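A short write-up of the structure that comes next.
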Amino acid sequence: MPYDLDEIDRSIISALVEDSRLSVRQLAERVHISRSAAHKRFTVLLESGAIRKFTAEVDRSALGMTVTAVVVVKIGDRPWPEVRDDLADLPFVEKVQAVSGDIDALVTVNAPDNTALSQVILRRIHEVPGVVSSRSLLILDEAEGHRPGSTL
């Protein structure tokens, strides 16, 4: 069941999107409510599923992943969940998304170099049963937009 967010809940989410390491005390100070109110609201947001998890934002290049591509994939008759899971299990695959339109899926691949990227795209993705064809788009530059919750 969706949780009805008010302005304080939205402020809590926005503060956590900015810095997920905030303590409850810091969160309360940031949104100008008591510590106990912040704790209660934080707990409700977690239990309702409005906040699903906490994670670190990682710089791909700091990990040696200097090449990124989005692979547009066309899928045949094999069930989507099976193809999705097989694609997601491939090395260097960050994300697999089903999309509407004349293509079926987008696969984001981060690799240390062009050789590794080629291996994933030309061999591994095409070996997945159900993959009919693909097109690759090399990411040349990118900018961060608004993360979910940052503009609530």
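Going through the structure tokens in order, the chains are called A, B, and so on, while each chain numbers its residues from 1 and the ligands are numbered from 1 in the order shown.
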> Can you tell me, as a ChimeraX atom specification, what residues are no more than 7 Å from A:Val73 when counting only C-alpha atoms, ignoring any on the same chain fewer than 6 positions away?
Replying inline: /A:103-106,131,133-135
Same residues, N, CA and C atoms, saved as a short mmCIF file (atom, residue, chain, number, x, y, z; two decimals), in the first residue's frame:
```cif
data_model
loop_
_atom_site.label_atom_id
_atom_site.label_comp_id
_atom_site.auth_asym_id
_atom_site.auth_seq_id
_atom_site.Cartn_x
_atom_site.Cartn_y
_atom_site.Cartn_z
N ILE A 103 12.21 -1.80 -29.36
CA ILE A 103 13.29 -2.58 -28.75
C ILE A 103 12.74 -3.20 -27.47
N ASP A 104 13.46 -4.15 -26.91
CA ASP A 104 12.94 -4.85 -25.74
C ASP A 104 13.66 -4.50 -24.43
N ALA A 105 14.97 -4.25 -24.51
CA ALA A 105 15.72 -4.04 -23.27
C ALA A 105 16.91 -3.13 -23.49
N LEU A 106 17.31 -2.48 -22.41
CA LEU A 106 18.54 -1.71 -22.36
C LEU A 106 19.44 -2.36 -21.32
N VAL A 131 18.29 -13.77 -26.82
CA VAL A 131 18.77 -12.52 -27.41
C VAL A 131 18.87 -12.71 -28.92
N SER A 133 19.21 -9.82 -31.24
CA SER A 133 20.15 -8.85 -31.80
C SER A 133 20.44 -7.77 -30.78
N SER A 134 21.48 -6.97 -31.07
CA SER A 134 21.80 -5.85 -30.18
C SER A 134 22.47 -4.74 -30.97
N ARG A 135 22.40 -3.55 -30.42
CA ARG A 135 23.11 -2.37 -30.92
C ARG A 135 23.76 -1.74 -29.71
#
```
> With only C-alpha atoms as the atoms that count, which of A:Ile51, A:Leu138, A:Val71, A:Ala98 lies nearest to A:His126?
Replying inline: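 Under the stated criterion, the closest residue is A:Val71.
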>> With only C-alpha atoms as the counted atoms, please give the residues lying no more than 10 Å from A:Arg41, apart from itself and same-chain residues fewer than 4 positions off, as a list in words.
In response: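 The neighbour list is Ile8, Asp9, Ile12, Arg35, Ser36, Ala37, Leu45, Leu46 and Glu47 of chain A.
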> Looking at only C-alpha atoms, which of A:Ala38, A:Val109, A:Ala50, A:Val24 is the one that sits closest to A:Glu94?
Replying inline: A:Val109
> How many Å lie between atom CA of A:Ile139 and atom CA of A:Trp80, rounded to one decimal?
Replying inline: 25.5 Å
> Expressed in Å to a single decimal, how great is the separation between atom CA of A:Leu137 and atom CA of A:Val96?
Replying inline: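 Those two atoms sit 14.6 Å apart.
Of the listed residues (A:Asp4, A:Glu18, A:Glu29, A:Asp77), A:Asp4 comes nearest to A:Gly49; the distances count only C-alpha atoms.
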